[in-house]
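With compact mmCIF, C-alpha atoms inside, this is run_10.txt:
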# COMPACT_ATOMS: atom_id res chain seq x y z
CA MET A 395 0.00 0.00 0.00
CA ALA A 396 2.87 2.32 0.66
CA THR A 397 4.54 1.46 -2.62
CA PRO A 398 2.19 3.27 -5.01
CA VAL A 399 2.49 6.43 -2.93
CA LEU A 400 6.26 6.25 -3.04
CA ASP A 401 6.16 5.61 -6.76
CA LYS A 402 4.00 8.62 -7.26
CA VAL A 403 6.35 10.86 -5.28
CA GLU A 404 9.29 9.59 -7.25
CA ALA A 405 7.52 10.11 -10.55
CA GLU A 406 6.60 13.63 -9.52
CA SER A 407 10.14 14.55 -8.54
CA ALA A 408 11.39 13.17 -11.83
CA ALA A 409 8.95 15.33 -13.71
CA SER A 410 9.70 18.47 -11.69
CA PRO A 411 12.03 20.83 -13.49
CA TYR A 412 13.33 22.25 -10.23
CA ILE A 413 16.85 21.61 -9.02
CA THR A 414 18.57 22.76 -5.86
CA VAL A 415 21.15 25.44 -6.56
CA THR A 416 23.55 27.08 -4.11
CA PHE A 417 24.05 30.80 -4.56
CA ARG A 418 27.25 32.04 -2.93
CA ILE A 419 26.76 35.79 -2.63
CA ARG A 420 29.30 38.42 -1.57
CA ARG A 421 27.51 40.37 1.16
CA PHE A 422 28.57 43.76 2.46
CA ASN A 423 26.59 45.88 4.86
CA PRO A 424 28.33 49.00 6.14
CA GLU A 425 25.84 49.19 9.01
CA VAL A 426 27.04 45.85 10.35
CA SER A 427 30.66 45.35 9.44
CA ASP A 428 33.45 46.94 7.45
CA GLU A 429 34.23 43.64 5.78
CA ALA A 430 32.46 41.75 3.07
CA GLN A 431 31.72 38.06 3.49
CA TRP A 432 30.35 35.16 1.48
CA GLN A 433 26.89 33.87 2.29
CA ASP A 434 25.34 30.71 0.85
CA PHE A 435 21.67 30.40 -0.09
CA GLN A 436 20.08 27.16 -1.27
CA ILE A 437 17.04 27.52 -3.47
CA ASP A 438 14.97 25.27 -5.70
CA ILE A 439 14.86 26.75 -9.15
CA ASP A 440 14.23 25.74 -12.73
CA PRO A 441 17.66 25.64 -14.46
CA LYS A 442 16.10 27.39 -17.45
CA GLU A 443 15.55 30.45 -15.29
CA ARG A 444 18.08 33.23 -14.95
CA VAL A 445 20.46 34.20 -12.16
CA LEU A 446 18.31 37.28 -11.61
CA ASP A 447 15.30 35.04 -10.90
CA GLY A 448 17.42 33.25 -8.30
CA LEU A 449 18.35 36.57 -6.68
CA HIS A 450 14.69 37.58 -6.68
CA LYS A 451 13.75 34.30 -5.05
CA ILE A 452 16.37 34.85 -2.34
CA LYS A 453 15.30 38.44 -1.76
CA TRP A 454 11.58 37.72 -1.75
CA GLU A 455 11.55 34.41 0.13
CA LEU A 456 14.76 33.99 2.14
CA ASP A 457 16.51 37.27 2.97
CA GLY A 458 14.86 40.59 2.20
CA SER A 459 18.04 42.47 3.07
CA LEU A 460 19.84 41.25 -0.07
CA THR A 461 20.49 44.36 -2.13
CA PHE A 462 21.08 44.57 -5.87
CA ARG A 463 20.16 46.79 -8.81
CA ARG A 464 17.83 45.71 -11.55
CA SER A 465 15.40 47.71 -13.60
CA CYS A 466 14.04 46.23 -16.81
CA ALA A 467 15.27 42.69 -16.10
CA HIS A 468 15.52 41.98 -19.83
CA GLY A 469 19.05 42.96 -20.77
CA ILE A 470 18.27 46.48 -21.97
CA CYS A 471 18.76 48.86 -19.05
CA GLY A 472 22.18 47.60 -17.92
CA SER A 473 21.47 47.87 -14.19
CA ASP A 474 22.32 44.37 -13.08
CA ALA A 475 25.87 43.81 -14.25
CA MET A 476 27.60 41.64 -11.65
CA ARG A 477 30.46 39.20 -11.38
CA ILE A 478 28.89 35.75 -11.72
CA ASN A 479 31.24 32.77 -11.37
CA GLY A 480 34.16 35.17 -11.74
CA ARG A 481 32.98 36.76 -14.98
CA ASN A 482 31.15 40.03 -15.52
CA ARG A 483 27.66 39.31 -16.86
CA LEU A 484 24.14 40.62 -16.73
CA ALA A 485 22.22 38.59 -14.14
CA CYS A 486 19.12 38.93 -16.35
CA LYS A 487 20.83 37.38 -19.38
CA THR A 488 22.58 34.48 -17.66
CA LEU A 489 20.68 31.19 -17.49
CA ILE A 490 21.33 28.94 -14.51
CA LYS A 491 21.88 25.91 -16.77
CA ASP A 492 24.66 27.69 -18.64
CA ILE A 493 26.89 28.25 -15.61
CA ASN A 494 27.12 24.75 -14.09
CA PRO A 495 24.49 24.68 -11.30
CA ASP A 496 26.13 21.58 -9.75
CA LYS A 497 28.65 23.85 -8.08
CA PRO A 498 27.81 26.92 -6.00
CA ILE A 499 27.17 29.95 -8.20
CA THR A 500 29.24 32.87 -6.94
CA VAL A 501 27.75 36.34 -7.27
CA GLU A 502 29.88 39.41 -6.50
CA PRO A 503 29.66 43.13 -7.19
CA ILE A 504 31.62 44.31 -10.23
CA LYS A 505 35.22 45.18 -9.40
CA GLY A 506 37.06 48.50 -9.43
CA LEU A 507 34.18 50.58 -8.07
CA THR A 508 33.38 51.28 -4.42
CA VAL A 509 30.91 48.78 -2.99
CA GLN A 510 28.04 50.50 -1.19
CA LYS A 511 25.99 47.51 -0.14
CA ASP A 512 25.96 43.85 -1.21
CA LEU A 513 25.98 43.95 -5.03
CA ILE A 514 25.55 47.72 -5.38
CA VAL A 515 28.58 49.80 -6.35
CA ASP A 516 29.09 53.52 -6.71
CA MET A 517 28.79 54.08 -10.48
CA GLU A 518 29.71 57.78 -10.27
CA PRO A 519 33.36 57.47 -11.47
CA PHE A 520 32.11 55.34 -14.36
CA PHE A 521 29.52 57.93 -15.42
CA GLN A 522 32.02 60.74 -14.89
CA ALA A 523 34.32 59.13 -17.45
CA TYR A 524 31.29 58.78 -19.74
CA ARG A 525 30.41 62.47 -19.36
CA ASP A 526 34.04 63.46 -19.96
CA VAL A 527 34.00 62.19 -23.56
CA MET A 528 30.98 64.40 -24.50
CA PRO A 529 28.51 61.66 -25.43
CA PHE A 530 26.17 63.90 -27.41
CA LEU A 531 25.84 65.23 -30.95
CA VAL A 532 27.84 68.41 -31.57
CA THR A 533 27.12 70.39 -34.72
CA SER A 534 27.47 73.95 -35.94
CA GLY A 535 25.25 76.13 -38.09
CA ASN A 536 21.50 76.35 -38.17
CA GLU A 537 19.41 73.46 -37.07
CA PRO A 538 17.85 71.77 -40.10
CA THR A 539 14.07 71.67 -40.32
CA ARG A 540 14.20 67.98 -41.20
CA GLU A 541 16.25 65.02 -39.96
CA ARG A 542 19.99 65.03 -40.37
CA LEU A 543 20.29 62.52 -43.17
CA GLN A 544 23.01 59.91 -43.32
CA SER A 545 23.84 57.15 -45.79
CA ALA A 546 23.50 53.53 -44.75
CA GLU A 547 27.28 53.09 -45.04
CA ASP A 548 27.92 56.08 -42.78
CA ARG A 549 25.52 54.63 -40.23
CA GLU A 550 27.14 51.21 -40.48
CA ARG A 551 30.52 52.73 -39.58
CA PHE A 552 29.61 53.12 -35.90
CA ASP A 553 26.71 50.66 -35.67
CA ASP A 554 28.52 48.31 -33.27
CA THR A 555 29.16 50.96 -30.63
CA THR A 556 25.57 52.24 -30.60
CA LYS A 557 24.57 49.03 -28.81
CA CYS A 558 26.18 50.04 -25.49
CA ILE A 559 23.82 50.00 -22.51
CA LEU A 560 26.31 51.45 -19.99
CA CYS A 561 26.19 48.43 -17.70
CA ALA A 562 29.90 48.85 -16.76
CA ALA A 563 30.63 45.15 -17.33
CA CYS A 564 33.52 46.06 -19.66
CA THR A 565 35.04 48.89 -17.63
CA SER A 566 34.90 46.88 -14.40
CA SER A 567 36.58 43.91 -16.09
CA CYS A 568 39.54 46.02 -17.24
CA PRO A 569 42.73 45.47 -15.18
CA VAL A 570 43.96 48.96 -16.03
CA PHE A 571 40.75 50.42 -14.61
CA TRP A 572 41.04 48.24 -11.48
CA ASN A 573 44.45 49.70 -10.80
CA ASP A 574 43.71 53.34 -10.16
CA GLY A 575 40.33 54.19 -11.63
CA GLN A 576 41.76 57.06 -13.66
CA TYR A 577 41.66 55.31 -17.03
CA PHE A 578 38.62 56.38 -19.06
CA GLY A 579 37.66 52.74 -19.42
CA PRO A 580 36.25 50.80 -22.36
CA ALA A 581 32.67 52.02 -21.99
CA ALA A 582 33.60 55.71 -22.23
CA ILE A 583 35.80 55.02 -25.27
CA VAL A 584 33.03 52.99 -26.93
CA ASN A 585 30.63 55.90 -26.48
CA ALA A 586 33.22 58.35 -27.78
CA HIS A 587 33.73 56.05 -30.77
CA ARG A 588 30.00 56.18 -31.45
CA PHE A 589 30.25 59.96 -32.06
CA ILE A 590 33.79 60.20 -33.44
CA PHE A 591 32.82 58.03 -36.40
CA ASP A 592 29.36 59.59 -36.85
CA SER A 593 29.37 61.56 -40.12
CA ARG A 594 26.88 64.07 -38.68
CA ASP A 595 29.02 64.98 -35.70
CA GLU A 596 31.59 67.75 -35.78
CA ALA A 597 33.47 67.40 -32.50
CA ALA A 598 35.47 64.28 -33.35
CA GLU A 599 38.74 66.19 -33.05
CA GLN A 600 37.79 67.42 -29.57
CA ARG A 601 36.91 63.93 -28.39
CA LEU A 602 40.09 62.49 -29.87
CA GLU A 603 42.04 65.13 -27.99
CA ILE A 604 40.34 64.07 -24.74
CA LEU A 605 41.16 60.41 -25.40
CA ASN A 606 44.74 61.30 -26.35
CA ASP A 607 45.22 62.14 -22.69
CA LYS A 608 47.52 60.31 -20.28
CA ASP A 609 44.55 58.26 -19.07
CA GLY A 610 43.02 57.85 -22.51
CA VAL A 611 43.24 55.13 -25.13
CA TRP A 612 47.01 54.72 -24.82
CA ARG A 613 46.58 52.99 -21.48
CA CYS A 614 44.71 50.16 -23.19
CA ARG A 615 46.80 46.98 -22.97
CA THR A 616 44.65 45.03 -25.43
CA THR A 617 43.79 42.28 -22.94
CA PHE A 618 40.32 41.79 -24.53
CA ASN A 619 38.62 41.44 -21.11
CA CYS A 620 36.13 44.09 -22.21
CA THR A 621 35.19 42.28 -25.41
CA ASP A 622 34.70 39.05 -23.43
CA ALA A 623 32.58 40.79 -20.81
CA CYS A 624 30.28 42.81 -23.06
CA PRO A 625 26.74 41.40 -22.77
CA ARG A 626 25.80 43.14 -26.03
CA GLY A 627 28.59 41.51 -28.01
CA ILE A 628 30.24 44.82 -28.89
CA GLU A 629 33.78 44.40 -30.17
CA VAL A 630 35.06 46.80 -27.55
CA THR A 631 38.80 46.29 -28.02
CA LYS A 632 38.39 46.77 -31.76
CA ALA A 633 36.60 50.07 -31.15
CA ILE A 634 39.45 51.22 -28.89
CA GLN A 635 41.98 50.26 -31.56
CA GLU A 636 40.01 52.22 -34.14
CA VAL A 637 40.19 55.30 -31.94
CA LYS A 638 43.95 54.80 -31.60
CA ARG A 639 44.27 54.47 -35.37
CA ALA A 640 42.20 57.62 -35.91
CA LEU A 641 44.46 59.49 -33.49
CA ILE A 642 47.56 58.42 -35.39
CA THR A 643 46.24 58.82 -38.95
CA ARG A 644 44.80 62.25 -38.28
CA ARG A 645 48.15 63.55 -37.13
CA PHE A 646 50.47 62.03 -39.67
CA MET B 3 36.46 58.77 7.52
CA SER B 4 35.76 59.48 11.13
CA THR B 5 38.41 58.53 13.64
CA ASN B 6 35.79 56.78 15.73
CA ASN B 7 35.72 54.06 13.15
CA THR B 8 39.10 52.60 14.02
CA VAL B 9 38.10 49.03 14.60
CA THR B 10 40.36 46.79 16.63
CA ASP B 11 38.38 43.60 16.32
CA SER B 12 37.39 43.47 12.68
CA SER B 13 35.38 40.27 12.84
CA ALA B 14 33.33 40.09 9.69
CA ILE B 15 30.41 38.28 11.23
CA SER B 16 28.18 40.59 13.17
CA ASP B 17 27.28 39.46 16.64
CA VAL B 18 23.53 39.03 16.84
CA GLU B 19 23.44 39.07 20.65
CA GLY B 20 26.09 41.67 21.27
CA GLU B 21 26.20 45.24 20.07
CA SER B 22 27.02 45.88 16.45
CA LEU B 23 29.90 48.25 15.85
CA TYR B 24 28.01 49.97 13.06
CA ASP B 25 24.47 51.13 12.51
CA ALA B 26 22.48 53.32 10.15
CA ASP B 27 23.77 56.59 11.61
CA PHE B 28 27.29 55.32 11.91
CA PRO B 29 28.12 53.04 8.97
CA ALA B 30 31.41 51.25 8.43
CA PRO B 31 34.03 53.23 6.51
CA LEU B 32 33.63 52.72 2.79
CA ILE B 33 36.73 51.64 0.93
CA GLU B 34 37.39 54.45 -1.47
CA ALA B 35 38.92 53.81 -4.84
CA PRO B 36 42.60 54.86 -4.60
CA ARG B 37 42.25 57.84 -6.91
CA LYS B 38 38.66 58.35 -7.74
CA ARG B 39 37.67 59.92 -11.03
CA THR B 40 35.41 62.81 -10.14
CA GLY B 41 34.38 66.03 -11.79
CA LYS B 42 37.32 67.66 -10.04
CA THR B 43 39.96 65.27 -11.39
CA PRO B 44 42.56 67.58 -12.95
CA LYS B 45 42.73 67.55 -16.69
CA SER B 46 46.12 66.45 -17.91
CA THR B 47 47.78 68.48 -20.61
CA ARG B 48 50.61 66.30 -21.80
CA GLY B 49 50.16 66.78 -25.48
CA ASN B 50 50.98 63.85 -27.68
CA PHE B 51 53.57 62.27 -25.43
CA GLU B 52 51.53 59.15 -24.68
CA MET B 53 50.80 58.67 -28.37
CA ALA B 54 54.47 59.11 -29.27
CA ALA B 55 55.45 56.63 -26.56
CA TRP B 56 52.88 54.10 -27.79
CA LEU B 57 54.04 54.45 -31.40
CA PHE B 58 57.68 54.26 -30.37
CA MET B 59 57.05 50.95 -28.60
CA ARG B 60 55.57 49.42 -31.75
CA LEU B 61 58.17 50.75 -34.18
CA SER B 62 61.21 50.13 -31.99
CA GLY B 63 59.86 46.64 -31.25
CA VAL B 64 59.88 45.75 -34.94
CA VAL B 65 63.40 47.10 -35.44
CA LEU B 66 64.65 45.41 -32.26
CA VAL B 67 63.47 41.99 -33.42
CA VAL B 68 65.91 42.25 -36.34
CA LEU B 69 68.72 43.87 -34.36
CA VAL B 70 68.59 41.58 -31.33
CA ILE B 71 68.11 38.31 -33.18
CA GLY B 72 70.92 39.25 -35.58
CA HIS B 73 73.10 40.19 -32.62
CA LEU B 74 72.39 36.92 -30.81
CA ILE B 75 73.10 34.83 -33.91
CA ILE B 76 76.40 36.58 -34.57
CA GLN B 77 77.51 36.46 -30.95
CA LEU B 78 76.34 33.02 -29.91
CA VAL B 79 75.74 30.79 -32.90
CA LEU B 80 77.96 31.53 -35.91
CA ASP B 81 81.67 30.81 -36.07
CA GLY B 82 82.29 28.83 -32.92
CA GLY B 83 79.64 30.42 -30.75
CA VAL B 84 80.27 32.19 -27.47
CA SER B 85 83.86 30.93 -27.09
CA LYS B 86 85.14 33.20 -29.86
CA ILE B 87 84.10 36.38 -28.05
CA GLY B 88 87.04 38.28 -26.67
CA PHE B 89 88.61 41.71 -26.82
CA ALA B 90 89.95 41.00 -30.28
CA PHE B 91 86.52 39.94 -31.59
CA VAL B 92 84.85 43.13 -30.29
CA ALA B 93 87.69 45.28 -31.56
CA GLY B 94 87.42 43.66 -34.97
CA ARG B 95 83.71 44.25 -35.19
CA TRP B 96 83.83 47.85 -34.01
CA ALA B 97 86.45 48.65 -36.63
CA SER B 98 83.53 48.76 -39.07
CA PRO B 99 81.13 51.72 -38.81
CA PHE B 100 78.26 49.37 -39.76
CA TRP B 101 78.57 47.38 -36.52
CA GLN B 102 79.11 50.56 -34.54
CA VAL B 103 75.82 51.92 -35.83
CA TRP B 104 74.14 48.54 -35.27
CA ASP B 105 75.25 48.35 -31.66
CA LEU B 106 74.53 52.00 -30.98
CA LEU B 107 71.02 51.68 -32.42
CA MET B 108 70.41 48.50 -30.47
CA LEU B 109 71.60 50.13 -27.24
CA TRP B 110 69.40 53.20 -27.62
CA LEU B 111 66.30 51.41 -28.83
CA ALA B 112 66.52 48.59 -26.30
CA MET B 113 67.10 50.95 -23.37
CA LEU B 114 64.34 53.35 -24.37
CA HIS B 115 61.96 50.50 -25.21
CA GLY B 116 62.61 48.74 -21.93
CA GLY B 117 62.59 52.00 -19.99
CA ASN B 118 59.26 53.04 -21.44
CA GLY B 119 57.85 49.60 -20.77
CA LEU B 120 58.89 49.82 -17.13
CA ARG B 121 57.49 53.35 -16.92
CA THR B 122 54.15 51.89 -18.03
CA VAL B 123 54.39 49.12 -15.45
CA ILE B 124 55.18 51.64 -12.70
CA ASN B 125 52.27 53.83 -13.79
CA ASP B 126 49.97 50.82 -13.70
CA TYR B 127 51.10 49.27 -10.44
CA ALA B 128 52.54 51.93 -8.11
CA GLU B 129 49.60 53.18 -6.09
CA ARG B 130 51.11 56.01 -4.05
CA ALA B 131 52.46 59.15 -5.67
CA THR B 132 55.72 59.00 -3.69
CA THR B 133 56.41 55.35 -4.64
CA ARG B 134 55.74 56.28 -8.24
CA LEU B 135 58.10 59.24 -8.09
CA TRP B 136 60.96 57.27 -6.57
CA LEU B 137 60.62 54.25 -8.84
CA LYS B 138 60.49 56.45 -11.92
CA GLY B 139 63.44 58.52 -10.70
CA LEU B 140 65.46 55.33 -10.25
CA LEU B 141 64.37 54.05 -13.66
CA TYR B 142 65.23 57.26 -15.52
CA THR B 143 68.60 57.53 -13.79
CA ALA B 144 69.51 53.95 -14.66
CA THR B 145 68.35 54.37 -18.26
CA VAL B 146 70.21 57.61 -18.87
CA PHE B 147 73.35 56.27 -17.19
CA THR B 148 73.40 53.08 -19.26
CA ILE B 149 72.72 54.89 -22.53
CA LEU B 150 75.41 57.50 -21.89
CA LEU B 151 77.99 54.98 -20.75
CA GLY B 152 77.31 52.66 -23.67
CA SER B 153 77.45 55.48 -26.23
CA LEU B 154 80.68 56.73 -24.69
CA VAL B 155 82.26 53.30 -25.04
CA ILE B 156 81.16 52.86 -28.64
CA PHE B 157 82.34 56.32 -29.72
CA THR B 158 85.62 56.41 -27.85
CA PHE B 159 86.60 52.76 -28.27
CA ASP B 160 90.34 52.42 -28.74
CA PRO B 161 91.53 48.97 -29.92
CA ASN B 162 95.10 49.75 -28.79
CA ILE B 163 94.17 50.40 -25.18
CA ARG B 164 96.58 49.01 -22.57

Mind converting the file's structure to structure tokens?
Amino acid sequence: MATPVLDKVEAESAASPYITVTFRIRRFNPEVSDEAQWQDFQIDIDPKERVLDGLHKIKWELDGSLTFRRSCAHGICGSDAMRINGRNRLACKTLIKDINPDKPITVEPIKGLTVQKDLIVDMEPFFQAYRDVMPFLVTSGNEPTRERLQSAEDRERFDDTTKCILCAACTSSCPVFWNDGQYFGPAAIVNAHRFIFDSRDEAAEQRLEILNDKDGVWRCRTTFNCTDACPRGIEVTKAIQEVKRALITRRF
Amino acid sequence: MSTNNTVTDSSAISDVEGESLYDADFPAPLIEAPRKRTGKTPKSTRGNFEMAAWLFMRLSGVVLVVLVIGHLIIQLVLDGGVSKIGFAFVAGRWASPFWQVWDLLMLWLAMLHGGNGLRTVINDYAERATTRLWLKGLLYTATVFTILLGSLVIFTFDPNIR
């Protein structure tokens, strides 16, 4: 009599998509301690779900004090870049099944920026570098009454770098940025590239001069960490090299 | 940060029963980035030096591949290898202006290439301004000394010296 019941339970567990996953999260709370520590959470989750769903589950069901940024949760806003299993990724674009759920999944804040709480870092230096490269259209003369037209080829020239969502995954994976935080960082250079190679823009020379600085493109060591980290698949290192080439060819 | 935050017992795990060292009004000191980029970060005006240095590294690297490999083959492989090297061998080579120019070029390029590489490493790794200053001072002194001494030897070499 007990056997059918057991069978049923077994059959149910075999059909259930849920697996038990350990999340090892780097916690930091300045109101408790000045040191960060690892904390493990075990949750049952469908491996086809994302790391962000796991974090939600922890925050909503296990520990409401877990703090992290996320806005759109669909890989567009760039709020939830974090270091998952030692690599910078967007938590909302990383499926559990893709990062070996048999082992604990480590989740840390991105490196090189001041941690404020748990997975939240101070993004201000990152955005300051972004502002420093003038990420806006600069033109002279009267404003046209219609759109500023551009050929498809001219648009194609900088298409790759328009995809940036400013998640900081590239900049916070760059060892030169980790060192002293003065380097402009890949993200700022990508966004400068987007305007430098825009045929409608007229301040390319100014932006190149900014990136010719001591902490500009010449500090790039071509380690390709940024290209590996970019959740949008932008060829970041290539964009940086193109800026370097523009700097050299414009002067010689 | 406030001096009150000097923690002697920096146990990471907060004591639930005991009193926490930090609370909402008195949070733990944040670890600041060593040199934070802010709106007030001074703008550097170093012209094209970094670009010149970057270009120099690439160009001198290409030339050095030829110079150094040629040098190593002549010195260590051809004609009996390292055992043939002596005062007479060097004197014989430096009798020709071609080898004088070769060695002089190799000395200057290798020293400047290596010196600039080390300058980059110091810039990347030295965190404090004073460490940076001293390391770079040492580096520049050593580079200039070696270049000057080497050039002096090549230009004033006298095969009949006693």

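What separates CA of Pro625 (chain A) from CA of Val584 (chain A) is a distance of 13.8 Å.
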
Once you count all atoms listed in the file, which residues of chain A turn out to be within 8 Å of chain B? Could you give them as number ranges by chain? A: 424-431, 506-510, 518-520, 522-523, 570, 573-576, 606-608, 612, 642

Give me the residues within 8 Å of Leu106 (chain B) as an MDAnalysis selection string, counting all atoms listed in the file and dropping any in the same chain fewer than 5 places off. chainID B and resid 152:153 156

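Between CA of Leu460 (chain A) and CA of Gln436 (chain A) lies a distance of 14.1 Å.
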
Applying 8 Å and all atoms listed in the file, which residues near Ala562 (chain A) remain after dropping the ones on its own chain fewer than 3 positions away? List them as an NGL selection string. :A and (472 or 475 or 520 or 565-566 or 581)

Kindly give the distance, in Å, that separates CA of Ile419 (chain A) and CA of Pro498 (chain A), rounded to a single decimal. 9.5 Å

Have a look at B:Ala144, B:Val64, B:Leu137, B:Ile76 and name the one nearest to Met113 (chain B); count only C-alpha atoms. B:Ala144

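With only C-alpha atoms as the atoms that count, the minimum distance from Asn585 (chain A) to the choices A:Val527, A:Ile628, A:Cys561, A:Ile514 is reached by A:Val527.
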
Could you pull the residues within 12 Å of region 451-457 of chain A, counting all atoms listed in the file, minus those fewer than 6 positions along the same chain, as number ranges by chain? A: 415-419, 421, 433-440, 443-445, 463, 512

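Candidate residues B:Trp101, B:Leu111, B:Thr132, B:Ala93 were compared for distance to Asn162 (chain B), and the nearest is B:Ala93, using all atoms listed in the file.
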
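With only C-alpha atoms as the atoms that count, the minimum distance from Phe157 (chain B) to the choices B:Leu66, B:Leu78, B:Val103, B:Val84 is reached by B:Val103.
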
Residues near Arg477 (chain A), anyone? I mean within 8 Å using only C-alpha atoms, not counting same-chain ones fewer than 2 positions away, as a count of residues only. 12
